[in-house]
file model29.txt (compact mmCIF, C-alpha atoms)
# COMPACT_ATOMS: atom_id res chain seq x y z
CA MET A 1487 134.04 177.82 220.38
CA LYS A 1488 135.06 175.36 217.65
CA LYS A 1489 133.99 171.90 218.83
CA ASN A 1490 134.84 170.01 215.65
CA ILE A 1491 138.31 170.01 214.11
CA VAL A 1492 139.53 168.30 210.95
CA LEU A 1493 143.23 167.58 210.43
CA ARG A 1494 143.83 167.56 206.68
CA HIS A 1495 145.96 165.12 204.74
CA GLU A 1496 148.69 167.12 203.00
CA VAL A 1497 148.54 166.91 199.21
CA LYS A 1498 151.95 168.48 198.59
CA SER A 1499 154.41 165.84 197.49
CA ASN A 1500 157.07 164.85 200.04
CA GLU A 1501 155.21 166.65 202.81
CA ARG A 1502 155.17 164.48 205.93
CA ARG A 1503 154.85 167.16 208.59
CA THR A 1504 151.76 167.97 210.61
CA PRO A 1505 150.74 170.90 212.84
CA LEU A 1506 149.04 168.56 215.34
CA THR A 1507 150.71 165.54 216.92
CA PRO A 1508 148.92 162.64 218.64
CA VAL A 1509 150.03 164.13 221.97
CA GLY A 1510 148.23 167.40 221.22
CA ALA A 1511 145.24 165.56 219.79
CA SER A 1512 144.85 163.52 222.98
CA ILE A 1513 144.65 166.71 225.06
CA LEU A 1514 141.93 168.12 222.80
CA VAL A 1515 139.91 164.91 222.93
CA LYS A 1516 140.10 164.86 226.73
CA ASP A 1517 138.89 168.48 226.69
CA GLY A 1518 135.76 167.40 224.84
CA PHE A 1519 136.63 168.36 221.28
CA ASN A 1520 135.79 166.13 218.32
CA LEU A 1521 138.83 165.44 216.17
CA PHE A 1522 138.50 164.08 212.65
CA ILE A 1523 141.83 162.92 211.24
CA GLU A 1524 142.04 162.45 207.49
CA SER A 1525 143.81 159.18 206.77
CA SER A 1526 147.29 159.87 205.44
CA PRO A 1527 149.94 157.38 204.32
CA SER A 1528 152.56 160.13 204.24
CA ARG A 1529 152.05 161.87 207.60
CA ILE A 1530 154.98 161.21 209.95
CA PHE A 1531 152.59 159.97 212.66
CA LYS A 1532 150.52 156.88 211.86
CA ASP A 1533 146.72 157.00 211.64
CA SER A 1534 146.62 154.44 214.44
CA GLU A 1535 148.45 156.82 216.79
CA TYR A 1536 145.58 159.31 216.48
CA GLU A 1537 142.91 156.63 216.74
CA ALA A 1538 144.55 155.36 219.92
CA VAL A 1539 143.91 158.69 221.67
CA GLY A 1540 140.24 158.92 220.67
CA CYS A 1541 140.29 160.66 217.29
CA GLN A 1542 137.94 159.62 214.49
CA LEU A 1543 139.65 158.53 211.27
CA VAL A 1544 138.03 159.85 208.06
CA GLU A 1545 138.84 159.60 204.38
CA MET A 1546 141.20 161.99 202.56
CA GLY A 1547 139.36 165.10 201.39
CA TYR A 1548 136.73 164.89 204.13
CA TRP A 1549 137.23 168.60 204.80
CA ARG A 1550 135.57 169.51 201.50
CA THR A 1551 132.15 168.15 202.50
CA CYS A 1552 132.08 168.38 206.30
CA PRO A 1553 129.76 170.96 207.94
CA SER A 1554 130.80 174.56 207.36
CA ASP A 1555 131.31 175.28 211.07
CA TYR A 1556 134.12 172.71 211.34
CA LEU A 1557 137.64 174.11 211.71
CA ILE A 1558 140.06 172.80 209.09
CA LEU A 1559 143.67 172.50 210.25
CA GLY A 1560 146.47 171.87 207.80
CA LEU A 1561 150.03 172.81 207.02
CA LYS A 1562 150.64 173.68 203.38
CA GLU A 1563 148.48 175.05 200.57
CA LEU A 1564 145.10 173.65 199.61
CA PRO A 1565 144.82 171.82 196.28
CA GLU A 1566 144.36 174.14 193.29
CA GLU A 1567 140.61 173.90 192.83
CA GLU A 1568 137.83 176.35 192.04
CA PHE A 1569 134.95 175.65 194.42
CA PRO A 1570 134.17 178.36 197.01
CA ILE A 1571 135.76 177.93 200.45
CA GLU A 1572 133.28 178.22 203.31
CA HIS A 1573 135.21 176.85 206.28
CA SER A 1574 137.67 178.50 208.65
CA HIS A 1575 141.15 177.28 207.71
CA ILE A 1576 144.53 177.36 209.43
CA TYR A 1577 147.60 176.67 207.25
CA PHE A 1578 150.52 178.28 205.40
CA ALA A 1579 148.83 179.80 202.35
CA HIS A 1580 151.77 181.67 200.80
CA ILE A 1581 149.51 184.37 199.34
CA PHE A 1582 149.98 187.42 201.56
CA LYS A 1583 153.10 188.57 199.70
CA LYS A 1584 151.19 188.50 196.41
CA GLN A 1585 152.76 185.26 195.24
CA SER A 1586 151.54 183.90 191.93
CA GLY A 1587 147.95 182.68 192.05
CA TYR A 1588 147.02 184.63 195.16
CA GLU A 1589 144.06 186.36 193.49
CA GLU A 1590 142.40 183.01 192.75
CA VAL A 1591 142.77 181.85 196.35
CA TYR A 1592 141.27 185.07 197.69
CA LYS A 1593 138.34 184.75 195.28
CA ARG A 1594 137.54 181.28 196.61
CA TYR A 1595 137.35 182.61 200.16
CA GLU A 1596 135.26 185.61 199.12
CA ASP A 1597 132.85 183.44 197.14
CA GLY A 1598 132.37 180.95 199.98
CA GLY A 1599 132.52 183.26 202.99
CA GLY A 1600 135.32 181.27 204.59
CA GLU A 1601 138.25 182.71 206.50
CA LEU A 1602 141.95 182.00 206.54
CA PHE A 1603 144.29 182.26 209.50
CA ASP A 1604 147.72 181.95 207.93
CA LEU A 1605 150.21 180.29 210.25
CA GLU A 1606 152.92 182.67 209.08
CA PHE A 1607 150.93 185.66 210.36
CA LEU A 1608 149.92 184.45 213.81
CA THR A 1609 151.84 187.12 215.74
CA ASP A 1610 151.98 188.48 219.28
CA ASP A 1611 151.77 192.07 220.55
CA LYS A 1612 155.34 192.68 219.38
CA ASN A 1613 154.57 191.37 215.89
CA LYS A 1614 156.66 188.28 216.55
CA ARG A 1615 155.45 184.98 215.13
CA VAL A 1616 154.08 182.63 217.77
CA CYS A 1617 154.93 179.49 215.78
CA ALA A 1618 157.41 178.88 213.02
CA TYR A 1619 159.41 176.18 211.29
CA GLY A 1620 162.19 178.69 210.77
CA TYR A 1621 164.73 176.91 212.94
CA TRP A 1622 164.36 173.63 211.07
CA ALA A 1623 164.20 175.36 207.69
CA GLY A 1624 167.56 176.94 208.45
CA TYR A 1625 168.96 173.70 209.83
CA VAL A 1626 168.01 171.71 206.74
CA GLY A 1627 168.84 174.62 204.42
CA ALA A 1628 172.42 174.56 205.65
CA ALA A 1629 172.47 170.77 205.39
CA THR A 1630 171.29 170.76 201.77
CA ALA A 1631 173.90 173.35 200.83
CA LEU A 1632 176.61 171.10 202.26
CA LEU A 1633 175.18 168.01 200.58
CA GLU A 1634 175.31 169.87 197.25
CA TYR A 1635 178.83 171.15 197.92
CA PHE A 1636 180.37 167.88 199.15
CA SER A 1637 178.56 165.29 197.00
CA PRO A 1638 180.52 164.19 193.91
CA ASN A 1639 177.45 164.63 191.70
CA GLY A 1640 175.80 167.37 193.70
CA LEU A 1641 172.43 167.13 195.42
CA GLU A 1642 170.58 164.94 192.94
CA LYS A 1643 167.41 164.58 195.01
CA LEU A 1644 166.12 165.17 198.53
CA VAL A 1645 165.16 162.41 200.93
CA ASP A 1646 163.85 162.62 204.47
CA PHE A 1647 165.78 161.40 207.50
CA ASP A 1648 164.33 159.72 210.58
CA SER A 1649 166.56 161.82 212.83
CA LYS A 1650 168.94 164.76 212.67
CA GLU A 1651 171.78 162.46 213.78
CA LEU A 1652 171.44 160.46 210.57
CA LEU A 1653 171.55 163.68 208.53
CA ILE A 1654 174.65 164.91 210.37
CA ASN A 1655 176.43 161.59 209.85
CA ARG A 1656 175.64 161.70 206.13
CA ILE A 1657 177.24 165.14 205.77
CA LYS A 1658 180.30 164.17 207.81
CA SER A 1659 180.89 161.10 205.67
CA LEU A 1660 180.74 163.15 202.46
CA ALA A 1661 182.97 165.92 203.84
CA LYS A 1662 185.95 163.70 204.60
CA GLU A 1663 189.12 164.96 202.89
CA LYS A 1664 187.16 167.69 201.06
CA LYS A 1665 188.01 171.39 200.92
CA VAL A 1666 186.43 173.31 203.80
CA PRO A 1667 183.92 175.81 202.33
CA LYS A 1668 183.67 179.50 203.18
CA ILE A 1669 180.06 180.05 204.23
CA LEU A 1670 178.05 183.28 204.60
CA ILE A 1671 174.67 183.41 206.33
CA ILE A 1672 172.39 186.46 206.00
CA GLY A 1673 169.76 186.54 208.73
CA ALA A 1674 172.12 184.65 211.01
CA LEU A 1675 170.61 185.81 214.30
CA GLY A 1676 166.99 184.86 213.64
CA ARG A 1677 165.34 181.48 214.16
CA CYS A 1678 166.24 180.34 210.67
CA GLY A 1679 169.82 181.55 210.91
CA THR A 1680 170.20 179.95 214.32
CA GLY A 1681 169.15 176.62 212.83
CA ALA A 1682 171.70 177.03 210.04
CA ARG A 1683 174.47 177.86 212.51
CA ASP A 1684 173.57 174.90 214.73
CA LEU A 1685 173.82 172.50 211.80
CA LEU A 1686 177.20 173.94 210.82
CA ASN A 1687 178.41 173.59 214.41
CA ALA A 1688 177.22 169.98 214.44
CA VAL A 1689 179.48 169.19 211.47
CA ASN A 1690 182.37 171.34 212.77
CA LEU A 1691 182.13 174.14 210.21
CA GLN A 1692 182.31 177.90 210.73
CA SER A 1693 180.41 180.69 208.99
CA THR A 1694 180.46 184.43 208.43
CA ASN A 1695 177.29 185.63 210.14
CA TRP A 1696 175.41 188.68 208.91
CA ASP A 1697 172.21 190.19 210.20
CA LEU A 1698 170.55 193.63 210.21
CA GLU A 1699 173.70 195.54 211.13
CA GLU A 1700 175.76 194.14 208.25
CA THR A 1701 172.99 194.51 205.65
CA LYS A 1702 171.55 197.91 206.60
CA LYS A 1703 173.60 199.69 203.91
CA GLY A 1704 171.69 197.76 201.26
CA GLY A 1705 172.84 195.34 198.59
CA PRO A 1706 174.04 193.98 196.36
CA PHE A 1707 176.91 192.65 198.46
CA ILE A 1708 180.18 191.68 196.78
CA GLU A 1709 181.08 189.70 199.92
CA ILE A 1710 178.57 187.02 198.96
CA THR A 1711 180.60 186.17 195.87
CA GLN A 1712 183.72 185.77 198.02
CA HIS A 1713 182.24 182.75 199.82
CA ASP A 1714 181.68 179.24 198.49
CA ILE A 1715 178.22 178.91 200.04
CA PHE A 1716 175.60 181.59 200.69
CA ILE A 1717 172.65 180.74 202.96
CA ASN A 1718 169.78 183.23 202.80
CA ALA A 1719 167.93 182.97 206.10
CA ALA A 1720 166.50 186.50 206.11
CA LEU A 1721 162.80 187.05 206.71
CA ILE A 1722 161.71 189.94 204.50
CA PHE A 1723 158.40 191.80 204.67
CA SER A 1724 159.20 194.89 202.59
CA LYS A 1725 161.10 195.47 199.38
CA VAL A 1726 164.87 195.75 199.80
CA PRO A 1727 167.73 196.09 197.31
CA PRO A 1728 168.81 192.64 196.10
CA PHE A 1729 171.47 190.86 198.12
CA ILE A 1730 173.00 189.60 194.89
CA ASN A 1731 172.19 190.10 191.21
CA LYS A 1732 173.51 189.18 187.78
CA GLU A 1733 175.43 192.43 187.43
CA LEU A 1734 177.46 191.57 190.53
CA ILE A 1735 178.52 188.27 188.99
CA GLN A 1736 178.70 188.91 185.24
CA ASP A 1737 182.20 188.45 183.81
CA LYS A 1738 183.83 188.37 187.23
CA LYS A 1739 185.93 185.77 189.03
CA ILE A 1740 183.91 184.54 191.98
CA ASP A 1741 184.12 181.83 194.63
CA LEU A 1742 180.37 181.34 195.02
CA LYS A 1743 179.20 177.86 194.10
CA VAL A 1744 176.02 177.21 196.11
CA ILE A 1745 173.11 179.35 197.27
CA SER A 1746 170.62 177.88 199.71
CA ASP A 1747 167.67 180.27 199.55
CA VAL A 1748 165.84 179.16 202.67
CA SER A 1749 163.48 182.15 202.52
CA CYS A 1750 162.48 180.96 199.07
CA ASP A 1751 160.24 183.67 197.56
CA PRO A 1752 161.21 183.63 193.86
CA ASN A 1753 157.70 184.58 192.71
CA SER A 1754 157.39 187.54 195.05
CA GLU A 1755 158.35 191.14 194.38
CA LEU A 1756 160.24 190.93 197.70
CA ASN A 1757 162.71 188.32 196.39
CA PRO A 1758 166.26 189.50 197.31
CA ILE A 1759 167.94 186.91 195.05
CA PRO A 1760 166.73 187.68 191.51
CA LEU A 1761 168.85 184.96 189.91
CA TYR A 1762 166.05 182.41 189.45
CA THR A 1763 162.29 182.43 188.90
CA SER A 1764 160.74 179.31 190.41
CA ILE A 1765 161.08 177.05 193.41
CA THR A 1766 162.92 173.77 193.10
CA SER A 1767 161.65 170.33 194.07
CA TRP A 1768 162.65 167.23 195.98
CA GLU A 1769 163.14 165.43 192.68
CA LYS A 1770 165.34 168.26 191.32
CA PRO A 1771 166.40 170.39 194.29
CA THR A 1772 168.88 172.64 192.47
CA VAL A 1773 168.68 175.01 189.55
CA GLU A 1774 171.78 176.30 187.78
CA ALA A 1775 172.05 180.08 187.58
CA ILE A 1776 174.60 182.46 186.10
CA ALA A 1777 178.26 181.41 186.38
CA GLY A 1778 177.27 177.85 187.21
CA ILE A 1779 175.97 178.74 190.67
CA LYS A 1780 173.64 176.06 192.02
CA ILE A 1781 170.57 177.41 193.83
CA ILE A 1782 168.51 175.34 196.26
CA ALA A 1783 164.99 176.76 196.69
CA VAL A 1784 162.78 174.07 198.19
CA ASP A 1785 159.83 175.52 200.09
CA ASN A 1786 159.29 172.67 202.56
CA LEU A 1787 162.81 171.97 203.76
CA PRO A 1788 161.81 171.07 207.35
CA SER A 1789 160.06 167.99 205.98
CA VAL A 1790 163.53 166.49 205.51
CA LEU A 1791 163.34 166.07 209.31
CA PRO A 1792 159.58 165.58 209.64
CA ARG A 1793 159.35 164.20 213.16
CA GLU A 1794 161.53 166.73 214.96
CA SER A 1795 160.18 169.70 213.03
CA SER A 1796 156.55 168.62 213.56
CA GLU A 1797 156.97 168.08 217.29
CA ASP A 1798 158.65 171.47 217.71
CA PHE A 1799 156.12 173.41 215.61
CA ALA A 1800 153.07 171.69 217.10
CA GLU A 1801 154.29 172.48 220.60
CA GLN A 1802 154.61 176.18 219.68
CA LEU A 1803 151.18 176.32 218.02
CA PHE A 1804 149.18 174.29 220.53
CA PRO A 1805 148.49 176.85 223.31
CA HIS A 1806 147.32 179.42 220.74
CA LEU A 1807 145.18 176.87 218.91
CA LEU A 1808 143.62 175.83 222.21
CA GLU A 1809 142.81 179.43 223.12
CA TYR A 1810 141.26 180.02 219.68
CA ILE A 1811 138.95 177.01 219.75
CA LYS A 1812 137.84 177.62 223.35
CA LYS A 1813 137.09 181.35 223.20
CA GLU A 1814 134.32 183.26 221.46
CA GLU A 1815 136.56 186.31 221.01
CA LEU A 1816 139.53 185.99 218.67
CA PRO A 1817 142.87 185.78 220.55
CA LEU A 1818 145.43 188.39 219.50
CA PRO A 1819 147.51 186.15 217.19
CA PHE A 1820 144.36 185.21 215.28
CA GLN A 1821 143.22 188.84 215.18
CA ASN A 1822 146.56 189.74 213.60
CA ALA A 1823 146.33 186.91 211.07
CA LYS A 1824 142.83 188.02 210.12
CA LYS A 1825 144.02 191.61 209.64
CA SER A 1826 146.83 190.38 207.39
CA PHE A 1827 144.35 188.38 205.35
CA LEU A 1828 142.02 191.35 204.89
CA SER A 1829 144.77 193.90 204.20
CA SER A 1830 146.41 191.78 201.49
CA LYS A 1831 143.29 191.38 199.36
CA PRO A 1832 143.86 192.10 195.66

call {"tool": "encode", "arguments": {"input": "model29.txt", "output": "structure tokens"}}
result
Amino acid sequence: MKKNIVLRHEVKSNERRTPLTPVGASILVKDGFNLFIESSPSRIFKDSEYEAVGCQLVEMGYWRTCPSDYLILGLKELPEEEFPIEHSHIYFAHIFKKQSGYEEVYKRYEDGGGELFDLEFLTDDKNKRVCAYGYWAGYVGAATALLEYFSPNGLEKLVDFDSKELLINRIKSLAKEKKVPKILIIGALGRCGTGARDLLNAVNLQSTNWDLEETKKGGPFIEITQHDIFINAALIFSKVPPFINKELIQDKKIDLKVISDVSCDPNSELNPIPLYTSITSWEKPTVEAIAGIKIIAVDNLPSVLPRESSEDFAEQLFPHLLEYIKKEELPLPFQNAKKSFLSSKP
């Protein structure tokens, strides 16, 4: 049983999401758990909302020095530091696909004896993720593609919205009297693709929807270049032929203007869009590739809608988190995450 839980402040810029809401925190406190909430000016929920339900507010970075048997709960990567990690951590580490810097992260855990339960690899008996931001990543990924396509100067920077209605209204206002884009989604039937399709429906746009059946022959796919916007919502765990490459585009007349790479793995050998080499940022959300194609590759898109995405994700995670902290034996999703951590060691 893990009696003491620390909710980390997120150090990643423009990250306002959290895996634990005040509603969930109140349930844990009533169950007798001690919750330490790192003060955070950026978190979508105020410090006072956690204090009001019985949590103890602590300074940013408290997790570094708290007792080693405390569970550390976060969302995105830890700061790039060198000291050994001795706690049990839950967060999205982005290291299991051998992304750049993964060896250093593993070394810190090995040196300190800590363990990592990556949120991406908490899976059930059918290997399906038990919690994911995929829906909101797809939703915002489609939205950013449209903002880039319809805005006179393109998508100059990202900002967060207090509600999805405000985001929808922004797109509709920009789209007035503009050419209707041809849009292709790969991975259209998954959580991410469903989010993308729902956003398009909300702004009265249609899309060509591809999933496993349409892509099983293997890429590259000339059809991508025949659309104005390509949204990559595919979740890939093994190497596949690229969906699109430079050879498909070089010296050819194409319609493609915008790629929203929601899956966003440019530094992984599994990247199906080898047209760019690094993620983009909120300050500069697009990178120009061959033939003037603008690529959006922001790795925390759901934070554009921080409240809705946090509430949804936290609700998915909560029953599994509760089972983990109450039981001595690891629940199946945490067993699977641990196996993934051990099997991906360098």

call {"tool": "atom_distance", "arguments": {"input": "model29.txt", "atom1": "CA of Leu1559 in chain A", "atom2": "CA of His1575 in chain A"}}
result
6.0 Å

call {"tool": "residues_around", "arguments": {"input": "model29.txt", "residues": "range 1562-1574 of chain A", "least_positions_apart": "3", "cutoff": "6 Å", "atoms": "all atoms listed in the file", "output": "compact mmCIF listing (two decimals) with C-alpha atoms, keeping the file's coordinate frame"}}
result
# COMPACT_ATOMS: atom_id res chain seq x y z
CA SER A 1554 130.80 174.56 207.36
CA LEU A 1557 137.64 174.11 211.71
CA TYR A 1577 147.60 176.67 207.25
CA PHE A 1578 150.52 178.28 205.40
CA ALA A 1579 148.83 179.80 202.35
CA ARG A 1594 137.54 181.28 196.61
CA TYR A 1595 137.35 182.61 200.16
CA ASP A 1597 132.85 183.44 197.14
CA GLY A 1598 132.37 180.95 199.98
CA GLY A 1599 132.52 183.26 202.99
CA GLY A 1600 135.32 181.27 204.59
CA GLU A 1601 138.25 182.71 206.50
CA LEU A 1602 141.95 182.00 206.54

call {"tool": "closest_residue", "arguments": {"input": "model29.txt", "among": "A:Leu1808, A:Ala1629, A:Val1539, A:Ile1581", "to": "Asp1684 in chain A", "atoms": "only C-alpha atoms"}}
result
A:Ala1629

call {"tool": "closest_residue", "arguments": {"input": "model29.txt", "among": "A:Ala1719, A:Val1591, A:Ile1735, A:Val1616", "to": "Cys1678 in chain A", "atoms": "all atoms listed in the file"}}
result
A:Ala1719

call {"tool": "closest_residue", "arguments": {"input": "model29.txt", "among": "A:Ile1811, A:Ala1682, A:Val1515, A:Ala1775", "to": "Pro1788 in chain A", "atoms": "all atoms listed in the file"}}
result
A:Ala1682

call {"tool": "residues_near_point", "arguments": {"input": "model29.txt", "point": "(154.6, 166.1, 197.3)", "cutoff": "10 Å", "atoms": "only C-alpha atoms", "output": "tab-separated table (two decimals) with C-alpha atoms, keeping the file's coordinate frame"}}
result
chain	number	residue	atom	x	y	z
A	1496	GLU	CA	148.69	167.12	203.00
A	1497	VAL	CA	148.54	166.91	199.21
A	1498	LYS	CA	151.95	168.48	198.59
A	1499	SER	CA	154.41	165.84	197.49
A	1500	ASN	CA	157.07	164.85	200.04
A	1501	GLU	CA	155.21	166.65	202.81
A	1502	ARG	CA	155.17	164.48	205.93
A	1528	SER	CA	152.56	160.13	204.24
A	1767	SER	CA	161.65	170.33	194.07
A	1768	TRP	CA	162.65	167.23	195.98
A	1769	GLU	CA	163.14	165.43	192.68
A	1786	ASN	CA	159.29	172.67	202.56

call {"tool": "residues_near_point", "arguments": {"input": "model29.txt", "point": "(161.1, 185.2, 188.5)", "cutoff": "7 Å", "atoms": "all atoms listed in the file", "output": "PyMOL selection string"}}
result
chain A and resi 1752-1753+1760+1762-1764

call {"tool": "closest_residue", "arguments": {"input": "model29.txt", "among": "A:Leu1685, A:Ala1720, A:Lys1780, A:Lys1743", "to": "Asn1757 in chain A", "atoms": "only C-alpha atoms"}}
result
A:Ala1720

call {"tool": "residues_around", "arguments": {"input": "model29.txt", "residues": "Cys1750 in chain A", "least_positions_apart": "3", "cutoff": "7 Å", "atoms": "all atoms listed in the file", "output": "PDB file with C-alpha atoms, keeping the file's coordinate frame"}}
result
ATOM      1  CA  ASP A1747     167.670 180.270 199.550  1.00  0.00           C
ATOM      2  CA  ALA A1783     164.990 176.760 196.690  1.00  0.00           C
ATOM      3  CA  VAL A1784     162.780 174.070 198.190  1.00  0.00           C
ATOM      4  CA  ASP A1785     159.830 175.520 200.090  1.00  0.00           C
TER       5      ASP A1785
END

call {"tool": "atom_distance", "arguments": {"input": "model29.txt", "atom1": "CA of Ser1526 in chain A", "atom2": "CA of Ser1512 in chain A"}}
result
18.1 Å

call {"tool": "closest_residue", "arguments": {"input": "model29.txt", "among": "A:Thr1630, A:Ser1649, A:Ser1796, A:Asn1718", "to": "Leu1670 in chain A", "atoms": "only C-alpha atoms"}}
result
A:Asn1718

call {"tool": "atom_distance", "arguments": {"input": "model29.txt", "atom1": "CA of Phe1804 in chain A", "atom2": "CA of Val1544 in chain A"}}
result
22.1 Å

call {"tool": "residues_around", "arguments": {"input": "model29.txt", "residues": "Asn1687 in chain A", "least_positions_apart": "3", "cutoff": "12 Å", "atoms": "all atoms listed in the file", "output": "list in words"}}
result
Tyr1625, Ala1628, Ala1629, Ile1654, Lys1658, Thr1680, Gly1681, Ala1682, Arg1683, Asp1684, Asn1690, Leu1691, Gln1692 and Ser1693 of chain A

call {"tool": "closest_residue", "arguments": {"input": "model29.txt", "among": "A:Phe1820, A:Lys1643, A:Pro1832, A:Asn1490", "to": "Tyr1556 in chain A", "atoms": "all atoms listed in the file"}}
result
A:Asn1490

call {"tool": "residues_around", "arguments": {"input": "model29.txt", "residues": "Pro1728 in chain A", "least_positions_apart": "5", "cutoff": "6 Å", "atoms": "only C-alpha atoms", "output": "VMD selection string"}}
result
chain A and resid 1705 to 1706 1758 to 1759

call {"tool": "write_last_selection", "arguments": {"input": "model29.txt", "atoms": "C-alpha atoms", "output": "PDB file, in the coordinates of the input"}}
result
ATOM      1  CA  GLY A1705     172.840 195.340 198.590  1.00  0.00           C
ATOM      2  CA  PRO A1706     174.040 193.980 196.360  1.00  0.00           C
ATOM      3  CA  PRO A1758     166.260 189.500 197.310  1.00  0.00           C
ATOM      4  CA  ILE A1759     167.940 186.910 195.050  1.00  0.00           C
TER       5      ILE A1759
END

call {"tool": "axis_aligned_box", "arguments": {"input": "model29.txt", "around": "range 1505-1509 of chain A", "padding_each_side": "6 Å", "output": "lines of an AutoDock Vina configuration file"}}
result
center_x = 149.8
center_y = 166.8
center_z = 217.4
size_x = 13.8
size_y = 20.3
size_z = 21.1
